[in-house]
>>> print(open('input29.txt').read())   # compact mmCIF, C-alpha atoms and all ligand atoms
# COMPACT_ATOMS: atom_id res chain seq x y z
CA MET A 1 -39.85 72.28 15.17
CA GLN A 2 -36.65 72.68 13.31
CA ARG A 3 -36.59 76.14 14.36
CA ARG A 4 -37.10 75.01 17.76
CA GLY A 5 -34.09 72.68 17.30
CA GLU A 6 -31.93 75.31 15.88
CA PRO A 7 -31.57 77.46 19.02
CA ARG A 8 -30.88 74.44 21.07
CA GLU A 9 -28.05 73.53 18.90
CA ASP A 10 -26.78 77.00 19.14
CA LEU A 11 -27.07 76.85 22.82
CA GLU A 12 -25.30 73.61 22.97
CA HIS A 13 -22.73 74.99 20.73
CA HIS A 14 -22.57 78.03 22.72
CA ILE A 15 -22.32 76.03 25.91
CA MET A 16 -19.63 73.95 24.35
CA GLU A 17 -17.75 76.93 23.29
CA ARG A 18 -18.16 78.48 26.72
CA THR A 19 -17.13 75.25 28.35
CA ILE A 20 -13.99 75.10 26.20
CA GLU A 21 -13.40 78.71 26.90
CA PHE A 22 -13.87 78.02 30.62
CA SER A 23 -11.60 75.05 30.60
CA ASN A 24 -9.02 77.10 28.74
CA ILE A 25 -9.45 79.83 31.21
CA LEU A 26 -9.29 77.25 33.97
CA ALA A 27 -6.14 75.75 32.50
CA LEU A 28 -4.74 79.22 32.19
CA LEU A 29 -5.76 79.98 35.75
CA LYS A 30 -4.26 76.73 36.92
CA ARG A 31 -1.03 77.53 35.09
CA GLU A 32 -1.17 81.01 36.44
CA ILE A 33 -1.77 79.71 39.97
CA GLY A 34 1.05 77.14 39.56
CA GLU A 35 3.26 79.86 38.21
CA ARG A 36 2.35 82.14 41.04
CA ARG A 37 2.89 79.39 43.60
CA ARG A 38 6.32 78.70 42.14
CA SER A 39 7.25 82.35 42.14
CA GLU A 40 5.82 82.65 45.64
CA GLU A 41 7.87 79.64 46.63
CA ALA A 42 11.02 81.18 44.98
CA LEU A 43 10.24 84.43 46.70
CA ARG A 44 9.86 82.69 50.03
CA ARG A 45 13.09 80.79 49.49
CA SER A 46 14.96 83.89 48.53
CA ARG A 47 13.46 85.70 51.54
CA ASP A 48 14.49 82.80 53.75
CA GLU A 49 17.94 82.88 52.20
CA LEU A 50 18.12 86.62 52.73
CA GLU A 51 16.92 86.24 56.28
CA ARG A 52 19.49 83.50 56.88
CA ARG A 53 22.23 85.63 55.43
CA VAL A 54 21.08 88.64 57.39
CA GLU A 55 21.09 86.48 60.51
CA GLU A 56 24.53 85.16 59.62
CA ARG A 57 25.84 88.63 58.91
CA THR A 58 24.28 89.90 62.13
CA ALA A 59 25.92 87.06 64.06
CA GLU A 60 29.21 87.80 62.33
CA LEU A 61 28.88 91.45 63.15
CA ALA A 62 28.00 90.61 66.72
CA ARG A 63 31.12 88.44 66.95
CA ALA A 64 33.26 91.15 65.35
CA ASN A 65 31.77 93.64 67.71
CA GLU A 66 32.54 91.37 70.66
CA ALA A 67 36.14 90.94 69.46
CA LEU A 68 36.39 94.67 69.01
CA GLN A 69 35.04 95.24 72.49
CA ALA A 70 37.48 92.70 73.87
CA GLU A 71 40.33 94.40 71.99
CA ILE A 72 39.24 97.79 73.23
CA ALA A 73 39.07 96.44 76.78
CA GLU A 74 42.50 94.84 76.40
CA ARG A 75 43.94 98.00 74.96
CA LYS A 76 42.48 99.98 77.80
CA GLN A 77 44.02 97.54 80.24
CA MET A 78 47.35 97.87 78.51
CA GLU A 79 47.10 101.61 78.51
CA GLU A 80 46.30 101.51 82.19
CA ALA A 81 49.22 99.18 82.86
CA LEU A 82 51.48 101.42 80.78
CA ARG A 83 50.31 104.46 82.61
CA ARG A 84 50.93 102.72 85.94
CA SER A 85 54.36 101.47 84.89
CA GLY A 86 55.15 104.95 83.55
CA GLU A 87 54.23 106.39 86.90
CA GLU A 88 56.25 103.68 88.66
CA LEU A 89 59.22 104.41 86.40
CA GLU A 90 58.92 108.10 87.08
CA ARG A 91 58.73 107.43 90.81
CA ARG A 92 61.81 105.20 90.64
CA VAL A 93 63.71 107.76 88.54
CA VAL A 94 62.90 110.39 91.16
CA GLU A 95 63.98 108.01 93.94
CA ARG A 96 67.17 107.01 92.10
CA THR A 97 67.99 110.66 91.37
CA GLU A 98 67.57 111.45 95.04
CA ASP A 99 69.82 108.51 95.96
CA LEU A 100 72.41 109.64 93.41
CA LEU A 101 72.31 113.19 94.69
CA LYS A 102 72.85 111.88 98.21
CA THR A 103 75.79 109.72 97.04
CA VAL A 104 77.29 112.65 95.16
CA GLU A 105 76.98 114.77 98.27
CA LEU A 106 78.61 112.02 100.37
CA LEU A 107 81.41 111.68 97.83
CA ARG A 108 81.92 115.42 97.75
CA ARG A 109 82.18 115.48 101.53
CA GLU A 110 84.56 112.53 101.46
CA ILE A 111 86.76 114.26 98.87
CA VAL A 112 86.81 117.44 100.93
CA GLU A 113 87.63 115.40 104.05
CA ARG A 114 90.34 113.49 102.22
CA GLN A 115 91.83 116.72 100.86
CA ARG A 116 91.79 118.12 104.36
CA LEU A 117 93.50 114.99 105.71
CA GLU A 118 96.02 115.01 102.87
CA GLU A 119 96.81 118.64 103.54
CA ALA A 120 97.14 117.85 107.24
CA GLY A 121 99.33 114.84 106.35
CA GLU A 122 101.49 116.97 104.08
CA ALA A 123 101.81 119.61 106.75
CA ALA A 124 102.78 116.90 109.28
CA GLU A 125 105.25 115.47 106.78
CA ARG A 126 106.76 118.91 106.19
CA GLU A 127 106.97 119.39 109.94
CA LEU A 128 108.62 115.99 110.30
CA GLU A 129 111.00 116.75 107.44
CA ALA A 130 111.92 120.07 109.11
CA GLN A 131 112.46 118.22 112.40
CA ARG A 132 114.53 115.61 110.62
CA ALA A 133 116.63 118.30 108.91
CA LEU A 134 117.06 119.97 112.29
CA SER A 135 118.08 116.71 113.89
CA VAL A 136 120.48 115.95 111.03
CA ARG A 137 121.93 119.41 111.48
CA SER A 138 122.26 118.97 115.20
CA ASP A 139 123.76 115.49 114.62
CA ARG A 140 126.17 117.01 112.20
CA LEU A 141 126.96 119.84 114.60
CA ARG A 142 127.44 117.34 117.40
CA SER A 143 129.72 115.16 115.32
CA LEU A 144 131.51 118.30 114.12
CA GLY A 145 131.93 119.29 117.76
CA GLU A 146 133.21 115.82 118.62
CA MET A 147 135.41 115.93 115.62
CA ALA A 148 136.81 119.36 116.42
CA ALA A 149 137.74 118.09 119.89
CA GLY A 150 139.24 114.97 118.31
CA ILE A 151 141.15 116.99 115.72
CA ALA A 152 142.52 119.28 118.40
CA HIS A 153 143.60 116.26 120.42
CA GLU A 154 145.01 114.43 117.40
CA LEU A 155 146.90 117.44 116.06
CA ASN A 156 148.17 118.47 119.47
CA GLN A 157 150.47 115.46 119.85
CA PRO A 158 152.40 115.73 116.55
CA LEU A 159 152.38 119.52 116.87
CA THR A 160 154.03 119.32 120.31
CA GLY A 161 156.54 116.88 118.84
CA VAL A 162 157.31 119.12 115.87
CA ARG A 163 157.61 122.19 118.08
CA GLY A 164 159.82 120.36 120.57
CA MET A 165 162.15 119.07 117.92
CA ALA A 166 162.37 122.34 116.03
CA GLU A 167 163.06 124.15 119.32
CA TYR A 168 165.71 121.56 120.18
CA LEU A 169 167.43 122.11 116.84
CA MET A 170 167.27 125.91 117.23
CA ILE A 171 168.77 125.77 120.72
CA ALA A 172 171.42 123.34 119.54
CA LEU A 173 172.37 125.65 116.68
CA ASP A 174 172.26 128.73 118.97
CA ARG A 175 174.46 127.10 121.54
CA LYS A 176 176.61 125.50 118.89
CA TRP A 177 176.19 122.02 120.29
CA ASP A 178 178.17 119.43 118.55
CA LEU A 179 175.40 117.67 116.65
CA SER A 180 176.22 115.08 114.07
CA GLU A 181 174.62 115.54 110.67
CA GLU A 182 172.95 112.16 111.22
CA LYS A 183 171.29 113.38 114.41
CA VAL A 184 170.05 116.58 112.76
CA LYS A 185 168.64 114.59 109.82
CA ASP A 186 166.97 112.23 112.32
CA ARG A 187 165.19 115.11 114.04
CA LEU A 188 164.25 116.70 110.72
CA ARG A 189 162.89 113.37 109.47
CA LEU A 190 160.76 113.10 112.61
CA ILE A 191 159.47 116.63 111.98
CA VAL A 192 158.56 115.70 108.38
CA GLU A 193 156.84 112.49 109.59
CA GLN A 194 154.79 114.37 112.15
CA ALA A 195 153.89 117.02 109.57
CA ASP A 196 152.77 114.18 107.24
CA ARG A 197 150.67 112.74 110.02
CA MET A 198 149.03 116.12 110.52
CA SER A 199 148.33 116.40 106.77
CA HIS A 200 146.85 112.90 106.88
CA ILE A 201 144.51 113.91 109.68
CA ILE A 202 143.54 117.13 107.92
CA GLU A 203 142.97 115.26 104.64
CA HIS A 204 140.67 112.80 106.41
CA VAL A 205 138.70 115.62 108.01
CA ARG A 206 138.28 117.30 104.63
CA THR A 207 136.97 114.06 103.10
CA PHE A 208 134.61 113.70 106.03
CA SER A 209 133.11 117.15 105.50
CA ARG A 210 132.87 116.46 101.75
CA GLY A 211 131.15 113.17 102.49
CA ALA A 212 128.66 114.86 104.79
CA GLY A 213 126.21 116.15 102.22
CA ARG A 214 127.97 118.02 99.46
CA SER A 215 129.05 115.43 96.91
CA GLU A 216 127.18 115.17 93.62
CA ARG A 217 125.42 111.94 92.73
CA TYR A 218 125.39 109.97 89.49
CA PRO A 219 124.22 106.53 88.43
CA VAL A 220 127.18 104.37 89.44
CA GLN A 221 128.10 100.81 88.54
CA ILE A 222 129.44 99.45 91.82
CA ASN A 223 131.75 96.92 90.13
CA ASP A 224 133.67 99.76 88.41
CA VAL A 225 134.24 101.40 91.79
CA VAL A 226 135.46 98.15 93.36
CA ARG A 227 137.77 97.37 90.42
CA SER A 228 139.31 100.84 90.59
CA ALA A 229 139.92 100.66 94.38
CA ALA A 230 141.29 97.12 94.18
CA GLY A 231 143.54 98.15 91.27
CA MET A 232 145.05 100.94 93.37
CA LEU A 233 145.93 98.61 96.24
CA GLU A 234 146.88 95.46 94.33
CA ALA A 235 150.63 96.11 94.42
CA GLN A 236 150.58 96.98 98.14
CA PHE A 237 148.74 93.76 98.96
CA HIS A 238 151.20 91.77 96.88
CA VAL A 239 154.26 93.32 98.58
CA ARG A 240 152.83 92.47 102.01
CA GLY A 241 152.00 88.91 101.03
CA VAL A 242 148.23 89.39 101.34
CA ARG A 243 146.03 87.78 98.67
CA LEU A 244 143.31 89.96 97.12
CA VAL A 245 140.45 88.27 95.28
CA CYS A 246 137.49 90.00 93.59
CA GLU A 247 134.26 88.10 92.99
CA LEU A 248 131.91 90.52 91.25
CA GLU A 249 128.40 89.66 90.10
CA GLU A 250 127.88 90.88 86.55
CA GLY A 251 124.87 92.87 85.33
CA LEU A 252 124.14 94.60 88.63
CA PRO A 253 121.77 97.58 88.52
CA GLU A 254 123.24 101.04 89.09
CA VAL A 255 123.17 102.91 92.38
CA SER A 256 122.81 106.65 92.83
CA ALA A 257 126.01 107.84 94.47
CA ASN A 258 129.24 109.74 94.05
CA PRO A 259 131.80 107.31 92.59
CA PHE A 260 134.76 109.04 94.29
CA SER A 261 133.16 108.94 97.71
CA LEU A 262 132.23 105.27 97.21
CA GLU A 263 135.79 104.52 96.14
CA GLU A 264 136.99 106.16 99.34
CA VAL A 265 134.72 103.76 101.27
CA VAL A 266 136.03 100.66 99.47
CA LEU A 267 139.64 101.87 99.87
CA ASN A 268 139.11 102.36 103.63
CA LEU A 269 137.64 98.87 103.99
CA LEU A 270 140.39 97.24 101.92
CA ILE A 271 143.13 99.03 103.87
CA ASN A 272 141.55 97.93 107.18
CA ALA A 273 141.34 94.36 105.88
CA ARG A 274 144.92 94.49 104.62
CA ASP A 275 146.16 95.81 108.01
CA ALA A 276 144.25 93.10 109.88
CA VAL A 277 145.63 90.28 107.73
CA GLU A 278 149.13 91.76 107.94
CA ASP A 279 148.86 91.89 111.75
CA ARG A 280 147.85 88.25 111.84
CA LEU A 281 150.68 87.28 109.50
CA LYS A 282 153.13 89.23 111.66
CA ALA A 283 151.84 87.54 114.80
CA GLY A 284 152.76 84.28 113.06
CA GLY A 285 149.46 82.62 113.87
CA ALA A 286 148.76 81.45 110.35
CA SER A 287 150.01 78.27 108.82
CA ARG A 288 148.77 79.15 105.33
CA SER A 289 148.52 82.21 103.10
CA LEU A 290 145.79 84.61 104.15
CA GLY A 291 143.77 86.95 102.08
CA VAL A 292 140.97 89.40 101.48
CA GLN A 293 137.95 88.86 99.28
CA VAL A 294 135.72 91.58 97.82
CA ARG A 295 132.29 90.43 96.66
CA THR A 296 129.42 92.27 95.00
CA ARG A 297 125.91 90.92 94.57
CA LEU A 298 122.23 91.77 94.25
CA GLU A 299 120.03 91.56 97.34
CA GLY A 300 116.28 91.82 97.98
CA GLU A 301 113.47 92.37 95.48
CA GLY A 302 111.30 95.18 94.09
CA GLN A 303 111.32 98.35 96.18
CA THR A 304 113.87 96.91 98.62
CA GLN A 305 116.32 95.79 95.94
CA GLY A 306 119.90 96.80 96.58
CA VAL A 307 123.49 95.94 95.79
CA GLN A 308 125.91 94.66 98.38
CA VAL A 309 129.64 95.07 98.62
CA GLU A 310 131.31 92.72 101.09
CA VAL A 311 134.93 92.94 102.20
CA ILE A 312 135.84 89.67 103.87
CA ASP A 313 139.23 89.27 105.49
CA GLU A 314 141.07 86.53 107.35
CA GLY A 315 142.74 89.02 109.68
CA VAL A 316 143.06 89.37 113.44
CA GLY A 317 139.40 90.15 113.94
CA ILE A 318 137.86 92.54 116.47
CA PRO A 319 137.18 91.61 120.11
CA ASP A 320 133.51 91.83 121.07
CA HIS A 321 134.01 94.69 123.52
CA LEU A 322 135.53 96.88 120.77
CA LEU A 323 133.05 96.04 118.02
CA GLY A 324 130.66 98.80 119.12
CA LYS A 325 133.38 101.44 118.98
CA VAL A 326 134.93 100.95 115.56
CA PHE A 327 132.59 103.50 113.90
CA ASP A 328 133.45 106.21 116.47
CA PRO A 329 135.55 109.03 115.04
CA PHE A 330 139.23 108.70 116.11
CA PHE A 331 138.79 105.23 117.54
CA THR A 332 141.85 103.29 116.46
CA THR A 333 143.97 100.43 117.68
CA LYS A 334 146.70 101.27 115.22
CA GLY A 335 149.90 103.17 115.94
CA PRO A 336 149.99 106.92 115.17
CA ASP A 337 151.79 106.31 111.89
CA ARG A 338 149.16 103.81 110.63
CA GLY A 339 145.76 105.17 111.47
CA THR A 340 143.74 108.15 112.66
CA GLY A 341 140.57 106.19 113.48
CA LEU A 342 138.47 108.12 110.95
CA GLY A 343 138.23 105.53 108.14
CA LEU A 344 135.06 103.73 109.29
CA SER A 345 133.24 106.80 110.59
CA ILE A 346 133.83 108.58 107.25
CA SER A 347 132.75 105.45 105.38
CA ARG A 348 129.54 105.20 107.36
CA SER A 349 128.58 108.82 106.81
CA ILE A 350 129.20 108.46 103.04
CA VAL A 351 127.17 105.24 102.75
CA GLU A 352 124.27 106.66 104.76
CA GLU A 353 124.25 109.78 102.63
CA PHE A 354 123.49 107.57 99.60
CA GLY A 355 120.64 105.88 101.46
CA GLY A 356 122.64 102.77 102.31
CA ALA A 357 123.87 100.99 105.42
CA ILE A 358 127.15 99.52 106.64
CA GLN A 359 127.55 96.57 109.01
CA ILE A 360 130.49 94.80 110.56
CA ARG A 361 130.76 91.22 111.82
CA SER A 362 133.92 89.79 113.29
CA ALA A 363 135.40 86.76 115.01
CA PRO A 364 138.73 87.27 116.80
CA ASP A 365 141.62 85.39 115.16
CA GLN A 366 139.40 84.34 112.28
CA GLY A 367 138.49 87.45 110.38
CA THR A 368 136.09 90.29 109.74
CA THR A 369 133.33 90.93 107.20
CA VAL A 370 132.13 94.44 106.43
CA THR A 371 128.92 94.68 104.37
CA VAL A 372 127.84 97.82 102.55
CA SER A 373 124.28 97.83 101.15
CA LEU A 374 123.09 100.48 98.71
CA PRO A 375 119.61 100.93 97.21
CA VAL A 376 119.47 100.59 93.43
CA ILE A 377 117.94 103.13 91.03
CA LEU A 378 114.44 101.83 90.16
N1 LIG B 401 138.91 94.55 109.03
C1 LIG B 401 139.25 94.82 110.31
N2 LIG B 401 139.82 93.87 111.07
C2 LIG B 401 140.15 94.13 112.33
N3 LIG B 401 139.94 95.32 112.92
C3 LIG B 401 139.40 96.30 112.22
C4 LIG B 401 139.01 96.12 110.89
N4 LIG B 401 138.47 97.27 110.42
C5 LIG B 401 138.51 98.14 111.45
N5 LIG B 401 139.07 97.58 112.53
C6 LIG B 401 139.28 98.21 113.84
O1 LIG B 401 138.53 99.39 113.89
C7 LIG B 401 139.38 100.52 114.14
C8 LIG B 401 138.82 101.73 113.43
O2 LIG B 401 138.95 101.58 112.05
P1 LIG B 401 139.00 102.87 111.14
O3 LIG B 401 139.13 102.44 109.75
O4 LIG B 401 137.87 103.74 111.51
O5 LIG B 401 140.28 103.59 111.62
P2 LIG B 401 141.79 103.17 111.40
O6 LIG B 401 141.89 102.13 110.36
O7 LIG B 401 142.31 102.81 112.73
O8 LIG B 401 142.43 104.51 110.90
P3 LIG B 401 142.22 105.26 109.49
O9 LIG B 401 141.65 106.55 109.85
O10 LIG B 401 143.55 105.36 108.85
O11 LIG B 401 141.29 104.41 108.74
C9 LIG B 401 140.73 100.06 113.66
O12 LIG B 401 141.77 100.75 114.33
C10 LIG B 401 140.70 98.57 114.05
O13 LIG B 401 140.96 98.39 115.41
MG MG B 402 140.89 102.40 108.50
>>> encode(input="input29.txt", output="structure tokens")
Amino acid sequence: MQRRGEPREDLEHHIMERTIEFSNILALLKREIGERRRSEEALRRSRDELERRVEERTAELARANEALQAEIAERKQMEEALRRSGEELERRVVERTEDLLKTVELLRREIVERQRLEEAGEAAERELEAQRALSVRSDRLRSLGEMAAGIAHELNQPLTGVRGMAEYLMIALDRKWDLSEEKVKDRLRLIVEQADRMSHIIEHVRTFSRGAGRSERYPVQINDVVRSAAGMLEAQFHVRGVRLVCELEEGLPEVSANPFSLEEVVLNLLINARDAVEDRLKAGGASRSLGVQVRTRLEGEGQTQGVQVEVIDEGVGIPDHLLGKVFDPFFTTKGPDRGTGLGLSISRSIVEEFGGAIQIRSAPDQGTTVTVSLPVIL
């Protein structure tokens, strides 16, 4: 029986051992399964994480791609716009160039036209100048003709006188007439006087021809000319009881003229004024002392600026019907021993030669004013 019991114990033991072994194995298996589950879980999580990140990255890439596409599209648009504006610019440059070429052509034509007109204008001016020179020459010839006739007429009278008196003296000597020395001297004095008159006329004519275009011009201070002329006549005025007053504006600009010719003008005007005042004094119509005033002053502005010389007298004056004649050569109201009638006509030709003008205003029995205007040197 014991024997029989012995295997049973072994079996139980064996079963026990096996059971322990099984439970160990089971515990191991359980651990293993738990372990595996955990690692499976970790694997799943990491796969999920990876998937999430892949998804995220994919989304990011998709967005970046979209942005890139948008940028590419924008850039394309810009390129297109640039290309269009480049074309537009090119078109406008071409247009503008054409416009400019047209303008240049127009300008060129205008310049040519203007040159043509200028040349035509210059030719017309030259023609006019030639005409003017011709007319001046014919004026001069005419006045020379008039003058020659005047000279002949003027010289004829004293010449006849001189010849008559010389002949008379010759006959008287031939025939041994009883002539007193006084009478002979008288006739000879008359001859000398008439010869002087002829020299006076000839001197005037020479001045006239000098005045008509041959005198040299310099910058002249008009006050110097007036002072010199007045200085020459001062004593004569004083002796005849005629006052002479100069009122000269200082700092006047210079004029382009010949000082000697201008002095001749002022002398002529002063002598005329002196004669007129003397005539009035002689006529006894004045209750006070009478005189002559010479004034200089500036007139006008800019291009038309000039200096004026005025000779103002309180003489007999000129009747209206004679006022238009006083500038005529040989017009005179003075006796043969006082005037030839050339003073004013010579004066006018001198003043006009220097680009100036001469005017006369007069009131009978009150006085006369002669105004000479000369352009200044700019
Ligand atoms: N200031 C004046 N007042 C009055 N009459 C004048 C005056 N100036 C000129 N006349 C008149 O004009 C005339 C002409 O003057 P103009 O100076 O040309 O010759 P003139 O004085 O007669 O002679 P001359 O050749 O010696 O100058 C004079 O005879 C005179 O009648
Ligand atoms: Mg005179």
>>> axis_aligned_box(input="input29.txt", around="region 289-299 of chain A", padding_each_side="5 Å", output="JSON")
{"center_x": 134.3, "center_y": 87.2, "center_z": 99.2, "size_x": 38.5, "size_y": 20.1, "size_z": 19.9}
>>> residues_around(input="input29.txt", residues="Val351 (chain A)", least_positions_apart="3", cutoff="9 Å", atoms="all atoms listed in the file", output="CSV table (one decimal) with C-alpha atoms, keeping the file's coordinate frame")
chain,number,residue,atom,x,y,z
A,211,GLY,CA,131.2,113.2,102.5
A,257,ALA,CA,126.0,107.8,94.5
A,261,SER,CA,133.2,108.9,97.7
A,262,LEU,CA,132.2,105.3,97.2
A,265,VAL,CA,134.7,103.8,101.3
A,346,ILE,CA,133.8,108.6,107.2
A,347,SER,CA,132.8,105.4,105.4
A,348,ARG,CA,129.5,105.2,107.4
A,354,PHE,CA,123.5,107.6,99.6
A,355,GLY,CA,120.6,105.9,101.5
A,356,GLY,CA,122.6,102.8,102.3
A,357,ALA,CA,123.9,101.0,105.4
A,358,ILE,CA,127.2,99.5,106.6
A,372,VAL,CA,127.8,97.8,102.6
A,373,SER,CA,124.3,97.8,101.2
A,374,LEU,CA,123.1,100.5,98.7
>>> residues_near_ligand(input="input29.txt", ligand="ligand LIG 401 (chain B)", cutoff="8 Å", atoms="all atoms listed in the file", output="JSON, numbers by chain")
{"A": [201, 204, 268, 269, 270, 271, 272, 273, 274, 275, 276, 277, 312, 313, 315, 316, 317, 318, 322, 323, 325, 326, 327, 328, 329, 330, 331, 332, 333, 334, 338, 339, 340, 341, 342, 343, 344, 345, 346, 362, 367, 368, 369, 370]}
>>> residues_near_point(input="input29.txt", point="(161.0, 121.9, 116.5)", cutoff="12 Å", atoms="all atoms listed in the file", output="short mmCIF file (atom, residue, chain, number, x, y, z; two decimals) with C-alpha atoms, keeping the file's coordinate frame")
data_model
loop_
_atom_site.label_atom_id
_atom_site.label_comp_id
_atom_site.auth_asym_id
_atom_site.auth_seq_id
_atom_site.Cartn_x
_atom_site.Cartn_y
_atom_site.Cartn_z
CA PRO A 158 152.40 115.73 116.55
CA LEU A 159 152.38 119.52 116.87
CA THR A 160 154.03 119.32 120.31
CA GLY A 161 156.54 116.88 118.84
CA VAL A 162 157.31 119.12 115.87
CA ARG A 163 157.61 122.19 118.08
CA GLY A 164 159.82 120.36 120.57
CA MET A 165 162.15 119.07 117.92
CA ALA A 166 162.37 122.34 116.03
CA GLU A 167 163.06 124.15 119.32
CA TYR A 168 165.71 121.56 120.18
CA LEU A 169 167.43 122.11 116.84
CA MET A 170 167.27 125.91 117.23
CA ILE A 171 168.77 125.77 120.72
CA ALA A 172 171.42 123.34 119.54
CA LEU A 173 172.37 125.65 116.68
CA VAL A 184 170.05 116.58 112.76
CA ARG A 187 165.19 115.11 114.04
CA LEU A 188 164.25 116.70 110.72
CA ARG A 189 162.89 113.37 109.47
CA LEU A 190 160.76 113.10 112.61
CA ILE A 191 159.47 116.63 111.98
CA VAL A 192 158.56 115.70 108.38
CA GLN A 194 154.79 114.37 112.15
CA ALA A 195 153.89 117.02 109.57
#
>>> atom_distance(input="input29.txt", atom1="CA of Glu98 (chain A)", atom2="CA of Glu80 (chain A)")
26.8 Å
>>> atom_distance(input="input29.txt", atom1="CA of Arg52 (chain A)", atom2="CA of Ala64 (chain A)")
17.9 Å
>>> atom_distance(input="input29.txt", atom1="CA of Val94 (chain A)", atom2="CA of Gln77 (chain A)")
25.3 Å
>>> closest_residue(input="input29.txt", among="A:Val112, A:Val376, A:Leu244, A:Leu281", to="Gly306 (chain A)", atoms="all atoms listed in the file")
A:Val376
